[in-house]
Structure formats: structure tokens, C-alpha cells
Amino acid sequence: MKRKTVKQILLWGGGIFLCLTVVLAVHIYIVTRPKAPDAHTRIMARIDIKQPLSQQDADKISSWMYQQQGIDRVMVNPQSRIVVFTFFPVKTSANDIVHNFKTALHYPGDRYLPSAEEMKQGCPAMGASFASKITGIVKYIF
């Protein structure tokens, strides 16, 4: 009787563990797959300006950026000469915003795009964590 009870407990425990593992794998797959942008998606972009900026220039840039369609938030740092903004990709694109910025305001600047090496170093939270390893395994399997 003892042996049969232990065997049933192990079988049920193993079955439950297997089911939970499958549920976790499916959850990770669904959460990490790429999604098309929707109305709530925001993307961050950056413009590096190649000339000194005053606070008045920063205010002018900020007000102009806020007037553009699809811009959500704008931060201008005159000391580092960097403009960071978020936008809705359904309404506009970063390349259009940067092109309009250079033609309308005549500030020499380019959109900053990180290199492949910088992209690999992107988010330290996902670097070598246990979750990132599990995600890699699930992506490899599926």
C-alpha cells in the first residue's frame, strides 16, 4: 500500500510539473514574439545636434517637436545637444520627424541609431538572467 501511494504521488506530481512547464513555455513564447505596432505602441528616438544649443534653442526645438503629429513626449538637453522623443509609429516615423526637423529648423543633426554591438548590450536587465536563458531556449525550440 505504501509503495502504491508513493508511486501515485510521484506520477501525479510529475504530471502536474510537466503541465506547468508546458504552460510556462507557451506563455513565454506568446509574450516574447514580435507584435505589430498598434495605437498604443510608443517608440523612442534620438537626434544628436552638431552645434551648441542655448536654452532658447532648446525651448524652440521642444515646442516645434510637440507640434508635430504623432509626437508624445520631448526632452531636449542643451548641454549634451541631444533631443529625445517618443512617438506613435502608427501616425509617423522617426525618419520623417528627423527630416522635417532638419528642413524646418535648420539645425545640423542626425538620428542616432545604435550599432549592432550597442544593441547587444542594450538592456542589462535581460543580459544573462535566468529568464533570458529560458526565453532563448523556448525561442530556439519554437
# chains A, B, ... in the order shown; residues from 1 in each chain; ligands from 1

$ select_by_dssp --residues "region 36-107 of chain A" --states "alpha helix (DSSP H)" --output "PyMOL selection string"
chain A and resi 55-67+94-105

$ atom_distance --atom1 "CA of Tyr107 (chain A)" --atom2 "CA of Asp57 (chain A)"
9.7 Å

$ residues_around --residues "Ala45 (chain A)" --least-positions-apart "4" --cutoff "9 Å" --atoms "only C-alpha atoms" --output "PyMOL selection string"
chain A and resi 83-87+94+111-113

$ write_last_selection --atoms "N, CA, C and O atoms" --output "JSON list (two decimals), in the first residue's frame"
[["chain", "number", "residue", "atom", "x", "y", "z"],
["A", 83, "VAL", "N", 18.30, 65.52, -28.45],
["A", 83, "VAL", "CA", 16.84, 65.59, -28.41],
["A", 83, "VAL", "C", 16.34, 64.15, -28.36],
["A", 83, "VAL", "O", 16.65, 63.35, -29.23],
["A", 84, "VAL", "N", 15.58, 63.83, -27.32],
["A", 84, "VAL", "CA", 14.99, 62.50, -27.20],
["A", 84, "VAL", "C", 13.48, 62.68, -27.24],
["A", 84, "VAL", "O", 12.94, 63.56, -26.56],
["A", 85, "PHE", "N", 12.82, 61.87, -28.06],
["A", 85, "PHE", "CA", 11.38, 61.99, -28.16],
["A", 85, "PHE", "C", 10.74, 60.62, -28.32],
["A", 85, "PHE", "O", 11.37, 59.67, -28.77],
["A", 86, "THR", "N", 9.49, 60.54, -27.90],
["A", 86, "THR", "CA", 8.70, 59.33, -28.12],
["A", 86, "THR", "C", 7.59, 59.69, -29.10],
["A", 86, "THR", "O", 7.10, 60.82, -29.12],
["A", 87, "PHE", "N", 7.21, 58.70, -29.90],
["A", 87, "PHE", "CA", 6.19, 58.94, -30.91],
["A", 87, "PHE", "C", 5.39, 57.66, -31.14],
["A", 87, "PHE", "O", 5.79, 56.58, -30.73],
["A", 94, "ALA", "N", 10.16, 57.99, -37.28],
["A", 94, "ALA", "CA", 11.28, 58.80, -36.77],
["A", 94, "ALA", "C", 12.04, 59.45, -37.91],
["A", 94, "ALA", "O", 12.48, 60.60, -37.79],
["A", 111, "ARG", "N", 19.77, 61.45, -36.80],
["A", 111, "ARG", "CA", 19.14, 60.48, -35.89],
["A", 111, "ARG", "C", 20.21, 59.52, -35.41],
["A", 111, "ARG", "O", 21.01, 59.01, -36.18],
["A", 112, "TYR", "N", 20.21, 59.27, -34.12],
["A", 112, "TYR", "CA", 21.16, 58.33, -33.54],
["A", 112, "TYR", "C", 20.59, 56.93, -33.67],
["A", 112, "TYR", "O", 19.48, 56.65, -33.22],
["A", 113, "LEU", "N", 21.35, 56.05, -34.30],
["A", 113, "LEU", "CA", 20.98, 54.64, -34.41],
["A", 113, "LEU", "C", 22.11, 53.83, -33.80],
["A", 113, "LEU", "O", 23.26, 53.93, -34.23]]

$ residues_around --residues "Ile82 (chain A)" --least-positions-apart "5" --cutoff "12 Å" --atoms "only C-alpha atoms" --output "mmCIF file with N, CA, C and O atoms, in the first residue's frame"
data_model
loop_
_atom_site.group_PDB
_atom_site.id
_atom_site.type_symbol
_atom_site.label_atom_id
_atom_site.label_comp_id
_atom_site.auth_asym_id
_atom_site.auth_seq_id
_atom_site.Cartn_x
_atom_site.Cartn_y
_atom_site.Cartn_z
ATOM 1 N N ALA A 45 13.127 57.743 -29.894
ATOM 2 C CA ALA A 45 14.184 58.044 -30.861
ATOM 3 C C ALA A 45 15.014 59.217 -30.334
ATOM 4 O O ALA A 45 14.606 59.913 -29.406
ATOM 5 N N ARG A 46 16.153 59.399 -30.972
ATOM 6 C CA ARG A 46 17.086 60.425 -30.503
ATOM 7 C C ARG A 46 17.703 61.148 -31.691
ATOM 8 O O ARG A 46 18.025 60.534 -32.707
ATOM 9 N N ILE A 47 17.871 62.456 -31.536
ATOM 10 C CA ILE A 47 18.552 63.278 -32.532
ATOM 11 C C ILE A 47 19.769 63.893 -31.854
ATOM 12 O O ILE A 47 19.651 64.510 -30.791
ATOM 13 N N ASP A 48 20.934 63.726 -32.468
ATOM 14 C CA ASP A 48 22.157 64.361 -31.994
ATOM 15 C C ASP A 48 22.405 65.603 -32.836
ATOM 16 O O ASP A 48 22.574 65.520 -34.049
ATOM 17 N N ILE A 49 22.431 66.766 -32.185
ATOM 18 C CA ILE A 49 22.625 68.039 -32.882
ATOM 19 C C ILE A 49 24.101 68.382 -32.851
ATOM 20 O O ILE A 49 24.759 68.257 -31.822
ATOM 21 N N LYS A 50 24.611 68.835 -33.973
ATOM 22 C CA LYS A 50 26.050 69.045 -34.129
ATOM 23 C C LYS A 50 26.459 70.514 -34.003
ATOM 24 O O LYS A 50 27.395 70.945 -34.651
ATOM 25 N N GLN A 51 25.758 71.266 -33.183
ATOM 26 C CA GLN A 51 26.149 72.645 -32.908
ATOM 27 C C GLN A 51 25.729 72.972 -31.474
ATOM 28 O O GLN A 51 24.818 72.336 -30.939
ATOM 29 N N PRO A 52 26.377 73.944 -30.854
ATOM 30 C CA PRO A 52 25.992 74.320 -29.487
ATOM 31 C C PRO A 52 24.552 74.839 -29.434
ATOM 32 O O PRO A 52 24.073 75.470 -30.371
ATOM 33 N N LEU A 53 23.872 74.540 -28.338
ATOM 34 C CA LEU A 53 22.485 74.976 -28.159
ATOM 35 C C LEU A 53 22.366 75.831 -26.904
ATOM 36 O O LEU A 53 22.984 75.549 -25.887
ATOM 37 N N ASP A 57 17.176 77.894 -27.782
ATOM 38 C CA ASP A 57 17.140 76.911 -28.865
ATOM 39 C C ASP A 57 16.414 75.643 -28.410
ATOM 40 O O ASP A 57 15.603 75.081 -29.159
ATOM 41 N N ALA A 58 16.712 75.208 -27.201
ATOM 42 C CA ALA A 58 16.081 74.000 -26.676
ATOM 43 C C ALA A 58 14.571 74.188 -26.553
ATOM 44 O O ALA A 58 13.798 73.286 -26.899
ATOM 45 N N ILE A 61 13.101 74.111 -30.107
ATOM 46 C CA ILE A 61 13.063 72.738 -30.618
ATOM 47 C C ILE A 61 11.930 71.958 -29.951
ATOM 48 O O ILE A 61 11.163 71.258 -30.618
ATOM 49 N N SER A 62 11.818 72.110 -28.650
ATOM 50 C CA SER A 62 10.791 71.384 -27.904
ATOM 51 C C SER A 62 9.391 71.774 -28.371
ATOM 52 O O SER A 62 8.541 70.913 -28.609
ATOM 53 N N VAL A 74 8.801 64.961 -25.476
ATOM 54 C CA VAL A 74 10.063 65.503 -25.991
ATOM 55 C C VAL A 74 10.920 65.965 -24.824
ATOM 56 O O VAL A 74 10.421 66.613 -23.901
ATOM 57 N N MET A 75 12.203 65.605 -24.857
ATOM 58 C CA MET A 75 13.174 66.103 -23.895
ATOM 59 C C MET A 75 14.374 66.630 -24.677
ATOM 60 O O MET A 75 14.924 65.908 -25.513
ATOM 61 N N VAL A 76 14.770 67.863 -24.387
ATOM 62 C CA VAL A 76 15.908 68.481 -25.066
ATOM 63 C C VAL A 76 16.932 68.858 -24.013
ATOM 64 O O VAL A 76 16.614 69.550 -23.050
ATOM 65 N N ASN A 77 18.171 68.402 -24.199
ATOM 66 C CA ASN A 77 19.250 68.731 -23.282
ATOM 67 C C ASN A 77 20.246 69.620 -24.026
ATOM 68 O O ASN A 77 20.994 69.132 -24.882
ATOM 69 N N TYR A 107 18.791 72.992 -38.027
ATOM 70 C CA TYR A 107 19.844 72.575 -37.095
ATOM 71 C C TYR A 107 20.540 71.357 -37.688
ATOM 72 O O TYR A 107 19.876 70.411 -38.108
ATOM 73 N N PRO A 108 21.868 71.376 -37.732
ATOM 74 C CA PRO A 108 22.560 70.190 -38.250
ATOM 75 C C PRO A 108 22.487 69.060 -37.226
ATOM 76 O O PRO A 108 22.974 69.185 -36.105
ATOM 77 N N GLY A 109 21.859 68.004 -37.593
ATOM 78 C CA GLY A 109 21.739 66.885 -36.670
ATOM 79 C C GLY A 109 21.309 65.628 -37.393
ATOM 80 O O GLY A 109 20.761 65.678 -38.498
ATOM 81 N N ASP A 110 21.581 64.517 -36.782
ATOM 82 C CA ASP A 110 21.232 63.228 -37.356
ATOM 83 C C ASP A 110 20.555 62.368 -36.303
ATOM 84 O O ASP A 110 20.795 62.520 -35.104
ATOM 85 N N ARG A 111 19.769 61.449 -36.799
ATOM 86 C CA ARG A 111 19.138 60.483 -35.894
ATOM 87 C C ARG A 111 20.205 59.518 -35.408
ATOM 88 O O ARG A 111 21.009 59.011 -36.184
ATOM 89 N N TYR A 112 20.214 59.272 -34.118
ATOM 90 C CA TYR A 112 21.164 58.334 -33.540
ATOM 91 C C TYR A 112 20.592 56.926 -33.671
ATOM 92 O O TYR A 112 19.480 56.653 -33.224
#

$ closest_residue --among "A:Val23, A:Met119, A:Gly13, A:Trp64" --to "Lys102 (chain A)" --atoms "only C-alpha atoms"
A:Trp64

$ select_by_dssp --residues "chain A" --states "strand (DSSP E or B)" --output "VMD selection string"
chain A and resid 43 to 49 71 to 77 82 to 87 109 to 111

$ write_last_selection --atoms "C-alpha atoms" --output "JSON list (two decimals), in the first residue's frame"
[["chain", "number", "residue", "atom", "x", "y", "z"],
["A", 43, "ILE", "CA", 8.84, 54.25, -29.78],
["A", 44, "MET", "CA", 11.73, 56.33, -28.52],
["A", 45, "ALA", "CA", 14.18, 58.04, -30.86],
["A", 46, "ARG", "CA", 17.09, 60.42, -30.50],
["A", 47, "ILE", "CA", 18.55, 63.28, -32.53],
["A", 48, "ASP", "CA", 22.16, 64.36, -31.99],
["A", 49, "ILE", "CA", 22.62, 68.04, -32.88],
["A", 71, "ILE", "CA", 4.88, 63.07, -31.04],
["A", 72, "ASP", "CA", 4.09, 62.07, -27.48],
["A", 73, "ARG", "CA", 6.95, 63.38, -25.33],
["A", 74, "VAL", "CA", 10.06, 65.50, -25.99],
["A", 75, "MET", "CA", 13.17, 66.10, -23.89],
["A", 76, "VAL", "CA", 15.91, 68.48, -25.07],
["A", 77, "ASN", "CA", 19.25, 68.73, -23.28],
["A", 82, "ILE", "CA", 20.56, 65.67, -27.61],
["A", 83, "VAL", "CA", 16.84, 65.59, -28.41],
["A", 84, "VAL", "CA", 14.99, 62.50, -27.20],
["A", 85, "PHE", "CA", 11.38, 61.99, -28.16],
["A", 86, "THR", "CA", 8.70, 59.33, -28.12],
["A", 87, "PHE", "CA", 6.19, 58.94, -30.91],
["A", 109, "GLY", "CA", 21.74, 66.89, -36.67],
["A", 110, "ASP", "CA", 21.23, 63.23, -37.36],
["A", 111, "ARG", "CA", 19.14, 60.48, -35.89]]

$ residues_around --residues "Thr92 (chain A)" --least-positions-apart "2" --cutoff "12 Å" --atoms "only C-alpha atoms" --output "list in words"
Pro37, Ala39, Thr41, Arg42, Ile43, Gln68, Gln69, Gly70, Ile71, Asp72, Thr86, Phe87, Phe88, Pro89, Val90, Ala94, Asn95, Asp96, Ile97, Val98, His99 and Asn100 of chain A

$ decode --residues "region 7-26 of chain A" --atoms "N, CA, C and O atoms" --output "PDB file, in the first residue's frame"
ATOM      1  N   LYS A   7       4.058   5.843  -5.495  1.00  0.00           N
ATOM      2  CA  LYS A   7       4.076   5.803  -6.959  1.00  0.00           C
ATOM      3  C   LYS A   7       3.020   6.757  -7.526  1.00  0.00           C
ATOM      4  O   LYS A   7       3.288   7.503  -8.475  1.00  0.00           O
ATOM      5  N   GLN A   8       1.821   6.771  -6.936  1.00  0.00           N
ATOM      6  CA  GLN A   8       0.765   7.667  -7.403  1.00  0.00           C
ATOM      7  C   GLN A   8       1.139   9.125  -7.159  1.00  0.00           C
ATOM      8  O   GLN A   8       0.901   9.995  -8.010  1.00  0.00           O
ATOM      9  N   ILE A   9       1.722   9.406  -6.016  1.00  0.00           N
ATOM     10  CA  ILE A   9       2.135  10.784  -5.710  1.00  0.00           C
ATOM     11  C   ILE A   9       3.190  11.250  -6.708  1.00  0.00           C
ATOM     12  O   ILE A   9       3.131  12.368  -7.235  1.00  0.00           O
ATOM     13  N   LEU A  10       4.157  10.388  -7.011  1.00  0.00           N
ATOM     14  CA  LEU A  10       5.203  10.747  -7.977  1.00  0.00           C
ATOM     15  C   LEU A  10       4.624  10.935  -9.374  1.00  0.00           C
ATOM     16  O   LEU A  10       5.022  11.859 -10.101  1.00  0.00           O
ATOM     17  N   LEU A  11       3.703  10.064  -9.784  1.00  0.00           N
ATOM     18  CA  LEU A  11       3.094  10.210 -11.108  1.00  0.00           C
ATOM     19  C   LEU A  11       2.270  11.491 -11.205  1.00  0.00           C
ATOM     20  O   LEU A  11       2.371  12.234 -12.197  1.00  0.00           O
ATOM     21  N   TRP A  12       1.441  11.759 -10.197  1.00  0.00           N
ATOM     22  CA  TRP A  12       0.655  12.987 -10.201  1.00  0.00           C
ATOM     23  C   TRP A  12       1.562  14.220 -10.133  1.00  0.00           C
ATOM     24  O   TRP A  12       1.335  15.191 -10.850  1.00  0.00           O
ATOM     25  N   GLY A  13       2.555  14.188  -9.275  1.00  0.00           N
ATOM     26  CA  GLY A  13       3.486  15.310  -9.163  1.00  0.00           C
ATOM     27  C   GLY A  13       4.233  15.554 -10.466  1.00  0.00           C
ATOM     28  O   GLY A  13       4.376  16.690 -10.913  1.00  0.00           O
ATOM     29  N   GLY A  14       4.697  14.484 -11.085  1.00  0.00           N
ATOM     30  CA  GLY A  14       5.392  14.621 -12.377  1.00  0.00           C
ATOM     31  C   GLY A  14       4.474  15.132 -13.464  1.00  0.00           C
ATOM     32  O   GLY A  14       4.867  15.963 -14.286  1.00  0.00           O
ATOM     33  N   GLY A  15       3.228  14.652 -13.474  1.00  0.00           N
ATOM     34  CA  GLY A  15       2.259  15.123 -14.473  1.00  0.00           C
ATOM     35  C   GLY A  15       1.947  16.599 -14.305  1.00  0.00           C
ATOM     36  O   GLY A  15       1.884  17.356 -15.279  1.00  0.00           O
ATOM     37  N   ILE A  16       1.741  17.024 -13.068  1.00  0.00           N
ATOM     38  CA  ILE A  16       1.464  18.435 -12.800  1.00  0.00           C
ATOM     39  C   ILE A  16       2.670  19.296 -13.172  1.00  0.00           C
ATOM     40  O   ILE A  16       2.526  20.352 -13.786  1.00  0.00           O
ATOM     41  N   PHE A  17       3.870  18.828 -12.819  1.00  0.00           N
ATOM     42  CA  PHE A  17       5.086  19.575 -13.169  1.00  0.00           C
ATOM     43  C   PHE A  17       5.217  19.706 -14.688  1.00  0.00           C
ATOM     44  O   PHE A  17       5.543  20.781 -15.200  1.00  0.00           O
ATOM     45  N   LEU A  18       4.947  18.638 -15.412  1.00  0.00           N
ATOM     46  CA  LEU A  18       5.026  18.666 -16.877  1.00  0.00           C
ATOM     47  C   LEU A  18       4.004  19.645 -17.453  1.00  0.00           C
ATOM     48  O   LEU A  18       4.334  20.439 -18.350  1.00  0.00           O
ATOM     49  N   CYS A  19       2.779  19.606 -16.939  1.00  0.00           N
ATOM     50  CA  CYS A  19       1.750  20.532 -17.425  1.00  0.00           C
ATOM     51  C   CYS A  19       2.129  21.985 -17.154  1.00  0.00           C
ATOM     52  O   CYS A  19       1.979  22.841 -18.032  1.00  0.00           O
ATOM     53  N   LEU A  20       2.629  22.254 -15.965  1.00  0.00           N
ATOM     54  CA  LEU A  20       3.032  23.625 -15.638  1.00  0.00           C
ATOM     55  C   LEU A  20       4.212  24.089 -16.492  1.00  0.00           C
ATOM     56  O   LEU A  20       4.284  25.256 -16.882  1.00  0.00           O
ATOM     57  N   THR A  21       5.122  23.182 -16.794  1.00  0.00           N
ATOM     58  CA  THR A  21       6.258  23.524 -17.656  1.00  0.00           C
ATOM     59  C   THR A  21       5.773  23.874 -19.064  1.00  0.00           C
ATOM     60  O   THR A  21       6.251  24.841 -19.669  1.00  0.00           O
ATOM     61  N   VAL A  22       4.816  23.117 -19.581  1.00  0.00           N
ATOM     62  CA  VAL A  22       4.263  23.404 -20.905  1.00  0.00           C
ATOM     63  C   VAL A  22       3.538  24.750 -20.891  1.00  0.00           C
ATOM     64  O   VAL A  22       3.697  25.562 -21.813  1.00  0.00           O
ATOM     65  N   VAL A  23       2.764  25.011 -19.853  1.00  0.00           N
ATOM     66  CA  VAL A  23       2.060  26.292 -19.744  1.00  0.00           C
ATOM     67  C   VAL A  23       3.059  27.446 -19.690  1.00  0.00           C
ATOM     68  O   VAL A  23       2.880  28.470 -20.356  1.00  0.00           O
ATOM     69  N   LEU A  24       4.141  27.291 -18.938  1.00  0.00           N
ATOM     70  CA  LEU A  24       5.172  28.329 -18.857  1.00  0.00           C
ATOM     71  C   LEU A  24       5.834  28.553 -20.214  1.00  0.00           C
ATOM     72  O   LEU A  24       6.046  29.693 -20.635  1.00  0.00           O
ATOM     73  N   ALA A  25       6.156  27.485 -20.916  1.00  0.00           N
ATOM     74  CA  ALA A  25       6.793  27.610 -22.229  1.00  0.00           C
ATOM     75  C   ALA A  25       5.875  28.320 -23.220  1.00  0.00           C
ATOM     76  O   ALA A  25       6.324  29.209 -23.968  1.00  0.00           O
ATOM     77  N   VAL A  26       4.605  27.978 -23.218  1.00  0.00           N
ATOM     78  CA  VAL A  26       3.652  28.641 -24.116  1.00  0.00           C
ATOM     79  C   VAL A  26       3.517  30.112 -23.743  1.00  0.00           C
ATOM     80  O   VAL A  26       3.496  30.986 -24.621  1.00  0.00           O
TER      81      VAL A  26
END
